[in-house]
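Trainee: This is the content of input.json (JSON, C-alpha atoms and all ligand atoms):
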[["chain", "number", "residue", "atom", "x", "y", "z"],
["A", 1, "MET", "CA", 221.15, 65.45, 78.24],
["A", 2, "LYS", "CA", 220.07, 69.04, 77.69],
["A", 3, "GLN", "CA", 216.75, 69.87, 79.26],
["A", 4, "GLY", "CA", 214.57, 72.74, 80.37],
["A", 5, "ILE", "CA", 214.41, 76.35, 79.32],
["A", 6, "VAL", "CA", 216.62, 79.33, 80.05],
["A", 7, "VAL", "CA", 215.08, 82.78, 79.65],
["A", 8, "VAL", "CA", 217.43, 85.74, 79.25],
["A", 9, "GLY", "CA", 215.28, 88.82, 79.47],
["A", 10, "SER", "CA", 213.39, 91.56, 81.25],
["A", 11, "LEU", "CA", 211.45, 91.77, 84.49],
["A", 12, "SER", "CA", 209.21, 94.73, 85.26],
["A", 13, "VAL", "CA", 206.41, 95.90, 87.45],
["A", 14, "ASP", "CA", 203.31, 96.80, 85.44],
["A", 15, "PHE", "CA", 201.22, 99.83, 86.45],
["A", 16, "VAL", "CA", 197.93, 99.01, 84.78],
["A", 17, "MET", "CA", 195.14, 101.54, 84.25],
["A", 18, "ARG", "CA", 191.78, 100.47, 82.86],
["A", 19, "VAL", "CA", 190.40, 103.22, 80.64],
["A", 20, "PRO", "CA", 187.29, 103.54, 78.46],
["A", 21, "ARG", "CA", 189.63, 104.37, 75.58],
["A", 22, "ARG", "CA", 193.34, 105.03, 75.29],
["A", 23, "PRO", "CA", 194.21, 108.77, 75.36],
["A", 24, "ALA", "CA", 194.88, 110.57, 72.08],
["A", 25, "LYS", "CA", 197.58, 113.22, 71.72],
["A", 26, "GLY", "CA", 197.04, 115.99, 74.28],
["A", 27, "GLU", "CA", 194.03, 114.24, 75.79],
["A", 28, "THR", "CA", 193.33, 113.39, 79.44],
["A", 29, "VAL", "CA", 191.09, 110.38, 80.01],
["A", 30, "SER", "CA", 189.52, 109.31, 83.32],
["A", 31, "GLY", "CA", 190.23, 105.66, 84.06],
["A", 32, "TYR", "CA", 188.22, 103.44, 86.38],
["A", 33, "ASP", "CA", 190.66, 100.86, 87.79],
["A", 34, "PHE", "CA", 194.33, 100.66, 88.78],
["A", 35, "ASN", "CA", 196.52, 97.68, 89.69],
["A", 36, "THR", "CA", 200.17, 96.71, 89.86],
["A", 37, "PHE", "CA", 201.24, 93.31, 88.52],
["A", 38, "VAL", "CA", 204.58, 91.62, 87.96],
["A", 39, "GLY", "CA", 205.40, 91.71, 84.26],
["A", 40, "GLY", "CA", 208.14, 92.24, 81.73],
["A", 41, "LYS", "CA", 208.31, 89.99, 78.68],
["A", 42, "GLY", "CA", 211.16, 87.83, 80.00],
["A", 43, "ASN", "CA", 209.49, 87.30, 83.35],
["A", 44, "ASN", "CA", 206.10, 86.62, 81.75],
["A", 45, "GLN", "CA", 207.54, 84.05, 79.35],
["A", 46, "ALA", "CA", 209.46, 82.34, 82.16],
["A", 47, "LEU", "CA", 206.31, 82.13, 84.31],
["A", 48, "ALA", "CA", 204.23, 80.96, 81.34],
["A", 49, "ALA", "CA", 206.70, 78.17, 80.50],
["A", 50, "ALA", "CA", 206.94, 77.05, 84.14],
["A", 51, "ARG", "CA", 203.16, 77.01, 84.58],
["A", 52, "ALA", "CA", 202.91, 75.00, 81.36],
["A", 53, "GLY", "CA", 205.11, 72.38, 83.01],
["A", 54, "ALA", "CA", 208.72, 73.19, 82.06],
["A", 55, "ALA", "CA", 211.82, 73.48, 84.22],
["A", 56, "VAL", "CA", 212.81, 77.14, 83.78],
["A", 57, "HIS", "CA", 215.83, 79.29, 84.68],
["A", 58, "MET", "CA", 215.62, 83.09, 84.63],
["A", 59, "VAL", "CA", 218.61, 85.28, 83.77],
["A", 60, "GLY", "CA", 217.85, 88.95, 84.40],
["A", 61, "ARG", "CA", 218.19, 92.02, 86.59],
["A", 62, "VAL", "CA", 215.81, 93.71, 89.00],
["A", 63, "GLY", "CA", 216.40, 96.60, 91.35],
["A", 64, "LYS", "CA", 217.09, 95.99, 95.02],
["A", 65, "ASP", "CA", 213.65, 97.32, 95.89],
["A", 66, "GLN", "CA", 210.15, 96.12, 96.78],
["A", 67, "TYR", "CA", 209.26, 95.42, 93.13],
["A", 68, "GLY", "CA", 212.40, 93.34, 92.62],
["A", 69, "GLU", "CA", 211.48, 91.34, 95.73],
["A", 70, "ARG", "CA", 207.97, 90.84, 94.41],
["A", 71, "LEU", "CA", 209.22, 89.58, 91.04],
["A", 72, "ALA", "CA", 211.71, 87.19, 92.67],
["A", 73, "ALA", "CA", 209.03, 85.86, 95.01],
["A", 74, "MET", "CA", 206.58, 85.18, 92.16],
["A", 75, "LEU", "CA", 209.24, 83.38, 90.12],
["A", 76, "LYS", "CA", 210.15, 81.19, 93.08],
["A", 77, "GLN", "CA", 206.48, 80.51, 93.84],
["A", 78, "SER", "CA", 206.08, 79.36, 90.21],
["A", 79, "ASN", "CA", 209.17, 77.10, 90.49],
["A", 80, "VAL", "CA", 211.41, 79.22, 88.25],
["A", 81, "ASP", "CA", 215.08, 78.99, 89.22],
["A", 82, "THR", "CA", 216.39, 82.46, 90.19],
["A", 83, "THR", "CA", 220.08, 81.63, 90.66],
["A", 84, "HIS", "CA", 220.92, 84.09, 87.86],
["A", 85, "LEU", "CA", 218.44, 86.81, 88.85],
["A", 86, "ILE", "CA", 220.63, 89.73, 89.91],
["A", 87, "GLN", "CA", 219.42, 92.36, 92.39],
["A", 88, "ASP", "CA", 221.03, 95.56, 91.13],
["A", 89, "ARG", "CA", 221.86, 98.17, 93.80],
["A", 90, "ASN", "CA", 222.42, 100.85, 91.16],
["A", 91, "ALA", "CA", 219.09, 100.84, 89.32],
["A", 92, "GLY", "CA", 215.42, 100.39, 90.14],
["A", 93, "THR", "CA", 213.27, 97.56, 88.83],
["A", 94, "GLY", "CA", 211.97, 98.03, 85.27],
["A", 95, "ILE", "CA", 208.62, 99.79, 84.90],
["A", 96, "ALA", "CA", 205.77, 99.38, 82.42],
["A", 97, "ASN", "CA", 202.90, 101.85, 82.30],
["A", 98, "ILE", "CA", 199.95, 100.14, 80.63],
["A", 99, "TYR", "CA", 196.58, 101.51, 79.51],
["A", 100, "VAL", "CA", 193.98, 98.82, 78.79],
["A", 101, "ASP", "CA", 190.83, 99.95, 76.97],
["A", 102, "SER", "CA", 187.29, 98.56, 76.99],
["A", 103, "GLU", "CA", 188.15, 96.21, 74.10],
["A", 104, "GLY", "CA", 191.02, 94.72, 76.13],
["A", 105, "ASP", "CA", 193.63, 96.30, 73.84],
["A", 106, "ASN", "CA", 196.59, 98.14, 75.34],
["A", 107, "SER", "CA", 199.25, 100.81, 74.92],
["A", 108, "ILE", "CA", 202.48, 100.33, 76.87],
["A", 109, "VAL", "CA", 205.40, 102.56, 77.84],
["A", 110, "ILE", "CA", 208.43, 100.80, 79.32],
["A", 111, "ILE", "CA", 211.33, 102.24, 81.31],
["A", 112, "ALA", "CA", 214.18, 99.73, 81.29],
["A", 113, "GLN", "CA", 215.96, 100.66, 84.54],
["A", 114, "ALA", "CA", 217.75, 97.46, 85.76],
["A", 115, "ASN", "CA", 216.76, 95.63, 82.54],
["A", 116, "GLY", "CA", 218.99, 98.08, 80.66],
["A", 117, "ARG", "CA", 221.98, 96.91, 82.72],
["A", 118, "LEU", "CA", 221.75, 93.18, 81.89],
["A", 119, "SER", "CA", 225.20, 92.63, 80.43],
["A", 120, "ASN", "CA", 227.28, 90.21, 78.39],
["A", 121, "ASP", "CA", 229.08, 89.38, 81.64],
["A", 122, "ASP", "CA", 225.75, 88.38, 83.19],
["A", 123, "VAL", "CA", 225.20, 86.02, 80.26],
["A", 124, "ALA", "CA", 228.72, 84.62, 80.65],
["A", 125, "ALA", "CA", 228.09, 84.01, 84.36],
["A", 126, "ALA", "CA", 225.00, 81.96, 83.45],
["A", 127, "MET", "CA", 226.92, 79.82, 80.92],
["A", 128, "PRO", "CA", 226.76, 76.56, 82.93],
["A", 129, "THR", "CA", 222.96, 76.89, 83.03],
["A", 130, "ILE", "CA", 222.76, 77.84, 79.35],
["A", 131, "GLU", "CA", 224.86, 74.81, 78.36],
["A", 132, "GLN", "CA", 222.50, 72.45, 80.20],
["A", 133, "SER", "CA", 219.31, 73.91, 78.70],
["A", 134, "ALA", "CA", 217.43, 72.56, 75.70],
["A", 135, "ILE", "CA", 215.81, 75.89, 74.80],
["A", 136, "MET", "CA", 216.72, 79.56, 75.21],
["A", 137, "MET", "CA", 213.99, 82.22, 75.08],
["A", 138, "LEU", "CA", 214.88, 85.81, 74.21],
["A", 139, "GLN", "CA", 212.96, 89.05, 73.74],
["A", 140, "LEU", "CA", 214.06, 92.66, 73.11],
["A", 141, "GLU", "CA", 213.52, 94.44, 76.42],
["A", 142, "VAL", "CA", 217.17, 94.14, 77.49],
["A", 143, "PRO", "CA", 220.14, 95.65, 75.56],
["A", 144, "TYR", "CA", 220.45, 94.30, 72.03],
["A", 145, "GLU", "CA", 224.12, 93.49, 72.60],
["A", 146, "THR", "CA", 223.14, 91.29, 75.55],
["A", 147, "VAL", "CA", 220.47, 89.54, 73.46],
["A", 148, "LEU", "CA", 223.11, 88.95, 70.79],
["A", 149, "ALA", "CA", 225.63, 87.62, 73.32],
["A", 150, "ALA", "CA", 222.99, 85.26, 74.71],
["A", 151, "ALA", "CA", 221.96, 84.05, 71.23],
["A", 152, "LYS", "CA", 225.59, 83.38, 70.29],
["A", 153, "ALA", "CA", 226.20, 81.58, 73.59],
["A", 154, "GLY", "CA", 223.09, 79.47, 73.05],
["A", 155, "ARG", "CA", 224.02, 78.65, 69.47],
["A", 156, "LYS", "CA", 227.56, 77.68, 70.50],
["A", 157, "ALA", "CA", 226.20, 75.43, 73.25],
["A", 158, "GLY", "CA", 223.79, 73.67, 70.86],
["A", 159, "VAL", "CA", 220.70, 75.16, 72.51],
["A", 160, "ARG", "CA", 217.55, 75.80, 70.40],
["A", 161, "VAL", "CA", 217.41, 79.62, 70.45],
["A", 162, "MET", "CA", 213.97, 81.27, 70.26],
["A", 163, "LEU", "CA", 213.54, 85.02, 69.78],
["A", 164, "ASN", "CA", 210.30, 86.91, 70.26],
["A", 165, "PRO", "CA", 211.41, 90.22, 68.66],
["A", 166, "ALA", "CA", 209.27, 92.37, 70.94],
["A", 167, "PRO", "CA", 209.00, 95.22, 71.35],
["A", 168, "ALA", "CA", 209.67, 95.86, 67.68],
["A", 169, "PRO", "CA", 212.82, 97.93, 67.13],
["A", 170, "LEU", "CA", 211.76, 101.55, 66.53],
["A", 171, "ASN", "CA", 213.87, 101.82, 63.37],
["A", 172, "GLY", "CA", 213.11, 98.25, 62.31],
["A", 173, "LYS", "CA", 216.78, 97.33, 62.65],
["A", 174, "LEU", "CA", 218.39, 94.63, 64.77],
["A", 175, "PRO", "CA", 222.12, 93.91, 65.07],
["A", 176, "ALA", "CA", 223.14, 92.22, 61.80],
["A", 177, "GLU", "CA", 224.46, 89.13, 63.58],
["A", 178, "LEU", "CA", 221.35, 88.52, 65.69],
["A", 179, "LEU", "CA", 218.92, 86.78, 63.33],
["A", 180, "PRO", "CA", 221.57, 84.35, 61.96],
["A", 181, "ASN", "CA", 221.95, 83.07, 65.54],
["A", 182, "ILE", "CA", 218.21, 82.42, 65.99],
["A", 183, "ASP", "CA", 216.64, 79.00, 65.35],
["A", 184, "LEU", "CA", 212.99, 79.92, 65.90],
["A", 185, "LEU", "CA", 211.66, 83.45, 65.40],
["A", 186, "ILE", "CA", 208.22, 84.41, 66.75],
["A", 187, "PRO", "CA", 207.21, 87.90, 65.60],
["A", 188, "ASN", "CA", 203.71, 89.34, 65.66],
["A", 189, "GLN", "CA", 202.28, 91.03, 62.55],
["A", 190, "THR", "CA", 203.88, 94.41, 63.25],
["A", 191, "GLU", "CA", 207.28, 92.91, 64.02],
["A", 192, "ALA", "CA", 207.12, 90.65, 60.95],
["A", 193, "GLU", "CA", 206.37, 93.66, 58.75],
["A", 194, "LEU", "CA", 209.24, 95.66, 60.24],
["A", 195, "LEU", "CA", 211.65, 92.79, 59.67],
["A", 196, "THR", "CA", 210.53, 91.89, 56.15],
["A", 197, "GLY", "CA", 208.82, 94.94, 54.65],
["A", 198, "ILE", "CA", 205.80, 92.71, 53.93],
["A", 199, "LYS", "CA", 202.50, 93.99, 55.34],
["A", 200, "VAL", "CA", 201.10, 91.04, 57.28],
["A", 201, "VAL", "CA", 197.31, 91.16, 57.17],
["A", 202, "ASP", "CA", 196.23, 87.57, 56.54],
["A", 203, "GLN", "CA", 197.41, 83.99, 56.18],
["A", 204, "GLY", "CA", 198.93, 84.51, 52.71],
["A", 205, "SER", "CA", 200.95, 87.59, 53.62],
["A", 206, "ALA", "CA", 202.09, 85.93, 56.87],
["A", 207, "ILE", "CA", 203.36, 82.91, 54.94],
["A", 208, "ARG", "CA", 205.23, 85.19, 52.52],
["A", 209, "ALA", "CA", 206.83, 87.10, 55.41],
["A", 210, "ALA", "CA", 207.77, 83.86, 57.18],
["A", 211, "GLN", "CA", 209.33, 82.49, 53.97],
["A", 212, "LYS", "CA", 211.35, 85.69, 53.55],
["A", 213, "LEU", "CA", 212.67, 85.30, 57.09],
["A", 214, "GLN", "CA", 213.53, 81.66, 56.39],
["A", 215, "GLN", "CA", 215.37, 82.67, 53.22],
["A", 216, "ALA", "CA", 217.38, 85.06, 55.43],
["A", 217, "GLY", "CA", 218.58, 82.04, 57.41],
["A", 218, "ILE", "CA", 216.09, 81.43, 60.25],
["A", 219, "ALA", "CA", 215.15, 77.76, 60.25],
["A", 220, "GLU", "CA", 211.69, 78.03, 61.85],
["A", 221, "VAL", "CA", 209.24, 80.93, 61.99],
["A", 222, "ILE", "CA", 205.89, 81.42, 63.70],
["A", 223, "ILE", "CA", 203.98, 84.63, 63.01],
["A", 224, "THR", "CA", 201.29, 85.45, 65.57],
["A", 225, "MET", "CA", 198.26, 87.36, 64.30],
["A", 226, "GLY", "CA", 196.16, 87.98, 67.40],
["A", 227, "GLU", "CA", 192.53, 87.03, 66.97],
["A", 228, "GLN", "CA", 193.24, 85.51, 63.53],
["A", 229, "GLY", "CA", 195.63, 82.83, 64.76],
["A", 230, "VAL", "CA", 199.21, 81.91, 63.85],
["A", 231, "VAL", "CA", 201.17, 80.82, 60.81],
["A", 232, "VAL", "CA", 203.84, 78.16, 61.36],
["A", 233, "LEU", "CA", 206.71, 77.67, 58.91],
["A", 234, "GLU", "CA", 208.66, 74.50, 59.56],
["A", 235, "ARG", "CA", 212.31, 73.88, 58.79],
["A", 236, "SER", "CA", 211.17, 71.66, 55.87],
["A", 237, "GLY", "CA", 209.24, 74.55, 54.32],
["A", 238, "ALA", "CA", 205.84, 73.10, 55.30],
["A", 239, "THR", "CA", 203.35, 75.71, 56.49],
["A", 240, "HIS", "CA", 200.36, 75.47, 58.83],
["A", 241, "PHE", "CA", 197.66, 77.90, 59.85],
["A", 242, "ILE", "CA", 196.21, 77.55, 63.35],
["A", 243, "SER", "CA", 193.04, 79.51, 64.09],
["A", 244, "ALA", "CA", 192.84, 81.41, 67.36],
["A", 245, "PHE", "CA", 190.69, 79.92, 70.12],
["A", 246, "ARG", "CA", 187.52, 81.94, 70.68],
["A", 247, "VAL", "CA", 187.37, 83.49, 74.17],
["A", 248, "THR", "CA", 185.85, 86.55, 75.80],
["A", 249, "VAL", "CA", 188.63, 89.13, 75.80],
["A", 250, "VAL", "CA", 189.25, 91.09, 79.01],
["A", 251, "ASP", "CA", 192.88, 92.17, 78.53],
["A", 252, "THR", "CA", 195.30, 91.08, 75.79],
["A", 253, "THR", "CA", 198.43, 92.02, 77.81],
["A", 254, "ALA", "CA", 200.93, 89.13, 77.87],
["A", 255, "ALA", "CA", 198.95, 86.99, 75.39],
["A", 256, "GLY", "CA", 202.07, 86.81, 73.23],
["A", 257, "ASP", "CA", 204.17, 85.92, 76.27],
["A", 258, "ALA", "CA", 201.75, 83.15, 77.24],
["A", 259, "PHE", "CA", 201.99, 81.83, 73.67],
["A", 260, "CYS", "CA", 205.82, 81.85, 73.68],
["A", 261, "GLY", "CA", 206.11, 80.30, 77.14],
["A", 262, "ALA", "CA", 203.65, 77.47, 76.49],
["A", 263, "LEU", "CA", 205.16, 76.89, 73.03],
["A", 264, "ALA", "CA", 208.64, 76.54, 74.57],
["A", 265, "ALA", "CA", 207.36, 74.22, 77.30],
["A", 266, "SER", "CA", 205.75, 71.98, 74.67],
["A", 267, "LEU", "CA", 208.89, 71.98, 72.52],
["A", 268, "ALA", "CA", 210.87, 70.99, 75.63],
["A", 269, "GLU", "CA", 208.49, 68.00, 75.85],
["A", 270, "GLN", "CA", 209.57, 67.09, 72.29],
["A", 271, "ARG", "CA", 206.28, 68.02, 70.63],
["A", 272, "SER", "CA", 206.34, 69.03, 66.97],
["A", 273, "LEU", "CA", 206.43, 72.72, 66.12],
["A", 274, "LYS", "CA", 202.83, 72.58, 64.91],
["A", 275, "ASP", "CA", 201.51, 70.79, 68.02],
["A", 276, "ALA", "CA", 203.48, 73.12, 70.29],
["A", 277, "ALA", "CA", 201.99, 76.11, 68.46],
["A", 278, "ILE", "CA", 198.47, 74.75, 69.11],
["A", 279, "VAL", "CA", 199.30, 74.58, 72.83],
["A", 280, "GLY", "CA", 200.71, 78.12, 72.60],
["A", 281, "CYS", "CA", 197.49, 79.34, 70.96],
["A", 282, "ALA", "CA", 195.43, 77.88, 73.80],
["A", 283, "ALA", "CA", 197.67, 79.58, 76.39],
["A", 284, "GLY", "CA", 197.54, 82.89, 74.50],
["A", 285, "ALA", "CA", 193.75, 82.77, 74.35],
["A", 286, "LEU", "CA", 193.46, 82.00, 78.06],
["A", 287, "ALA", "CA", 195.78, 84.92, 78.85],
["A", 288, "CYS", "CA", 193.23, 87.27, 77.24],
["A", 289, "THR", "CA", 190.51, 86.26, 79.69],
["A", 290, "HIS", "CA", 192.04, 87.92, 82.81],
["A", 291, "ASN", "CA", 193.24, 91.37, 83.75],
["A", 292, "GLY", "CA", 197.02, 91.85, 84.09],
["A", 293, "ALA", "CA", 200.07, 89.94, 82.86],
["A", 294, "GLU", "CA", 200.99, 87.48, 85.61],
["A", 295, "PRO", "CA", 197.46, 86.61, 86.81],
["A", 296, "SER", "CA", 196.49, 85.73, 83.23],
["A", 297, "LEU", "CA", 199.25, 83.19, 82.53],
["A", 298, "PRO", "CA", 197.57, 79.76, 82.51],
["A", 299, "THR", "CA", 198.59, 76.49, 84.12],
["A", 300, "LYS", "CA", 199.10, 73.27, 82.19],
["A", 301, "THR", "CA", 195.75, 71.99, 83.49],
["A", 302, "GLU", "CA", 193.90, 75.08, 82.25],
["A", 303, "ILE", "CA", 195.56, 74.76, 78.84],
["A", 304, "GLU", "CA", 194.68, 71.06, 78.61],
["A", 305, "GLN", "CA", 191.08, 71.78, 79.58],
["A", 306, "LEU", "CA", 190.71, 74.35, 76.79],
["A", 307, "LEU", "CA", 192.32, 71.99, 74.29],
["A", 308, "ALA", "CA", 190.05, 69.12, 75.37],
["A", 309, "ALA", "CA", 186.96, 71.31, 75.13],
["A", 310, "THR", "CA", 187.85, 72.56, 71.65],
["A", 311, "ILE", "CA", 189.51, 69.75, 69.73],
["B", 1, "LIG", "O1", 204.19, 91.56, 76.95],
["B", 1, "LIG", "C1", 203.57, 92.18, 78.04],
["B", 1, "LIG", "C2", 204.59, 92.93, 78.84],
["B", 1, "LIG", "O2", 205.11, 93.98, 78.07],
["B", 1, "LIG", "C3", 204.04, 93.58, 80.08],
["B", 1, "LIG", "O3", 204.02, 92.74, 81.19],
["B", 1, "LIG", "C4", 204.93, 94.79, 80.25],
["B", 1, "LIG", "O4", 205.83, 94.65, 81.29],
["B", 1, "LIG", "C5", 205.64, 94.95, 78.91],
["B", 1, "LIG", "O5", 206.96, 94.69, 79.02]]
Starting from the coordinates I provided, produce the structure as structure tokens.
Mentor:
Amino acid sequence: MKQGIVVVGSLSVDFVMRVPRRPAKGETVSGYDFNTFVGGKGNNQALAAARAGAAVHMVGRVGKDQYGERLAAMLKQSNVDTTHLIQDRNAGTGIANIYVDSEGDNSIVIIAQANGRLSNDDVAAAMPTIEQSAIMMLQLEVPYETVLAAAKAGRKAGVRVMLNPAPAPLNGKLPAELLPNIDLLIPNQTEAELLTGIKVVDQGSAIRAAQKLQQAGIAEVIITMGEQGVVVLERSGATHFISAFRVTVVDTTAAGDAFCGALAASLAEQRSLKDAAIVGCAAGALACTHNGAEPSLPTKTEIEQLLAATI
């Protein structure tokens, strides 16, 4: 029986600066705090799914350096299988430079480094793991051709393939074959607009964008809308709106990753798409209450406590 989750994606070290406001063009701003955290959307989603209770395998590349060691150690500590985590001698570990302002909102610059070298061959080498998994989680911080190869491999192996299309492609374009190989797409408002041309500002526009994506061949769509909540479009065409949980926001970094990871973990437990999205919303909200990506990713117990306190 297929079980567990395989993540094919990025791993980075986050250099996080807290600033009163994010710098404008040509401006220098004095910050007041600096930290390094393990991050990268693939790594964050793998950690989030494992902490939410799933068996998780990570397929990715880090540099053979102190940051790569740190990422591998955190994955192992969180019970993520690192058999297919490659230490690349020819590139450093991926970097993210993150400014977080007083509202908890961020601006991020990423340098792919080893993430940019994750290849189709790396996906092929992980095929036995992919074939055994129930769910594959993908993002867009590794080469598009590798994401496509992974999606096709997952589809061929009968794995439920999830794509969080982040960061949004600069020109709004993805390889033509990618979306037809995705079972569940989870864009945020910006990404949904780029993919559909529909400005997503509220529940109604999110439903229209999700329906357009479904008409293009994606069976299930969830559009995340930050503090508003999420819209879920089921395979049957049924839609649901789930309001965001109210929390005190410290840093929104990795809230989307927490959502995707907890959602995948719940789907791996055979929950419905709607129920899994509620769990994802709780995880996403909790991720906003701490500074940094990794430290903010909640455990299953923390998620259950928030759900019990709210529902
Ligand atoms: O989604 C949050 C992540 O985006 C950060 O951890 C950073 O690494 C960037 O990739």
Trainee: Around ligand LIG 1 (chain B), at most 7 Å away and counting all atoms listed in the file, which residues are there? Put them as an mmCIF file with C-alpha atoms, in the frame of the given file, please.
Mentor:
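For reference, part_6.cif as written:
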data_model
loop_
_atom_site.group_PDB
_atom_site.id
_atom_site.type_symbol
_atom_site.label_atom_id
_atom_site.label_comp_id
_atom_site.auth_asym_id
_atom_site.auth_seq_id
_atom_site.Cartn_x
_atom_site.Cartn_y
_atom_site.Cartn_z
ATOM 1 C CA SER A 12 209.210 94.730 85.260
ATOM 2 C CA VAL A 13 206.410 95.900 87.450
ATOM 3 C CA ASP A 14 203.310 96.800 85.440
ATOM 4 C CA VAL A 38 204.580 91.620 87.960
ATOM 5 C CA GLY A 39 205.400 91.710 84.260
ATOM 6 C CA GLY A 40 208.140 92.240 81.730
ATOM 7 C CA LYS A 41 208.310 89.990 78.680
ATOM 8 C CA ASN A 44 206.100 86.620 81.750
ATOM 9 C CA ILE A 95 208.620 99.790 84.900
ATOM 10 C CA ALA A 96 205.770 99.380 82.420
ATOM 11 C CA ILE A 108 202.480 100.330 76.870
ATOM 12 C CA ILE A 110 208.430 100.800 79.320
ATOM 13 C CA THR A 253 198.430 92.020 77.810
ATOM 14 C CA ALA A 254 200.930 89.130 77.870
ATOM 15 C CA GLY A 256 202.070 86.810 73.230
ATOM 16 C CA ASP A 257 204.170 85.920 76.270
ATOM 17 C CA ALA A 293 200.070 89.940 82.860
#
Trainee: The residues within 10 Å of (220.8, 86.7, 63.4), using all atoms listed in the file and the coordinates of the file, should be reported as a count of residues only; which are they?
Mentor: 18
Trainee: Determine the nearest neighbour of A:Leu306 from the options A:Gly104, A:Arg22, A:Ser236, A:Ile278, counting all atoms listed in the file.
Mentor: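 Closest to A:Leu306, using all atoms listed in the file: A:Ile278.
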Trainee: What's the separation between atom CA of A:Gly204 and atom CA of A:Leu273, in Å to one decimal place?
Mentor: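 Computing it gives 19.4 Å between the two atoms.
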Trainee: Calculated over only C-alpha atoms, which of the candidates A:Gly53, A:Gly31, A:Gly26, A:Pro143 has the smallest distance to A:Gly261?
Mentor: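 Checking each candidate against A:Gly261, we get A:Gly53 as the closest.
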Trainee: Box in all listed atoms of stretch 301-308 of chain A, axis-aligned, with 3 Å more on each side; write out centre and edge lengths in Å to one decimal as lines of an AutoDock Vina configuration file.
Mentor:
center_x = 192.9
center_y = 72.1
center_z = 78.9
size_x = 11.7
size_y = 12.0
size_z = 15.2
Trainee: Go through A:Leu138, A:Cys288, A:Met17, A:Leu118 and flag the residue nearest A:Thr36, using all atoms listed in the file for the distances.
Mentor: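 When distances to A:Thr36 are compared using all atoms listed in the file, the smallest one comes from A:Met17.
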Trainee: Using only C-alpha atoms, which of A:Phe245, A:Phe34, A:Tyr144, A:Phe259 sits nearest A:Arg18?
Mentor: A:Phe34
Trainee: Considering only C-alpha atoms, state which residue in the set A:Ser296, A:Lys2, A:Asn171, A:Arg89 is at the smallest distance from A:Ala157.
Mentor: A:Lys2
Trainee: In terms of the shortest atom-to-atom distance over all atoms listed in the file, which of A:Ile207, A:Ile223, A:Ala134, A:Ala268 is closest to A:Thr190?
Mentor: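 Checking each candidate against A:Thr190, we get A:Ile223 as the closest.
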Trainee: When you look at A:Pro167 with a cut-off of 8 Å (counting all atoms listed in the file), what residues show up, excluding the ones that are within fewer than 3 positions of it in the same chain? I need them as a list in words.
Mentor: Gln139, Leu140, Glu141 and Glu191 of chain A
Trainee: Please, what distance in Å, to one decimal, runs between atom CA of A:Ala308 and atom CA of A:Asn188?
Mentor: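 Those two atoms sit 26.3 Å apart.
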Trainee: Tell me, in Å to one decimal, how far atom CA of A:Pro20 is from atom CA of A:Asn106.
Mentor: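 That distance, rounded to one decimal, is 11.2 Å.
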Trainee: I'd like the contact shell of stretch 61-64 of chain A - 10 Å cut-off, only C-alpha atoms, skipping same-chain residues fewer than 5 positions apart - returned as a PyMOL selection string.
Mentor: chain A and resi 8-13+69-72+84-94+112-119+122+142
Trainee: Filtering to C-alpha atoms, could you give me those residues as a tab-separated table (two decimals), in the frame of the given file?
Mentor:
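Below is the file result.tsv, written as the result:
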chain	number	residue	atom	x	y	z
A	8	VAL	CA	217.43	85.74	79.25
A	9	GLY	CA	215.28	88.82	79.47
A	10	SER	CA	213.39	91.56	81.25
A	11	LEU	CA	211.45	91.77	84.49
A	12	SER	CA	209.21	94.73	85.26
A	13	VAL	CA	206.41	95.90	87.45
A	69	GLU	CA	211.48	91.34	95.73
A	70	ARG	CA	207.97	90.84	94.41
A	71	LEU	CA	209.22	89.58	91.04
A	72	ALA	CA	211.71	87.19	92.67
A	84	HIS	CA	220.92	84.09	87.86
A	85	LEU	CA	218.44	86.81	88.85
A	86	ILE	CA	220.63	89.73	89.91
A	87	GLN	CA	219.42	92.36	92.39
A	88	ASP	CA	221.03	95.56	91.13
A	89	ARG	CA	221.86	98.17	93.80
A	90	ASN	CA	222.42	100.85	91.16
A	91	ALA	CA	219.09	100.84	89.32
A	92	GLY	CA	215.42	100.39	90.14
A	93	THR	CA	213.27	97.56	88.83
A	94	GLY	CA	211.97	98.03	85.27
A	112	ALA	CA	214.18	99.73	81.29
A	113	GLN	CA	215.96	100.66	84.54
A	114	ALA	CA	217.75	97.46	85.76
A	115	ASN	CA	216.76	95.63	82.54
A	116	GLY	CA	218.99	98.08	80.66
A	117	ARG	CA	221.98	96.91	82.72
A	118	LEU	CA	221.75	93.18	81.89
A	119	SER	CA	225.20	92.63	80.43
A	122	ASP	CA	225.75	88.38	83.19
A	142	VAL	CA	217.17	94.14	77.49
Trainee: Within 12 Å of A:Met136, counting only C-alpha atoms, which residues qualify if same-chain residues fewer than 6 places away don't, as a PyMOL selection string?
Mentor: chain A and resi 2-9+42+45-46+49+55-59+123+126-127+129-130+147+150-164+181-185+260-261+264-265+267-268
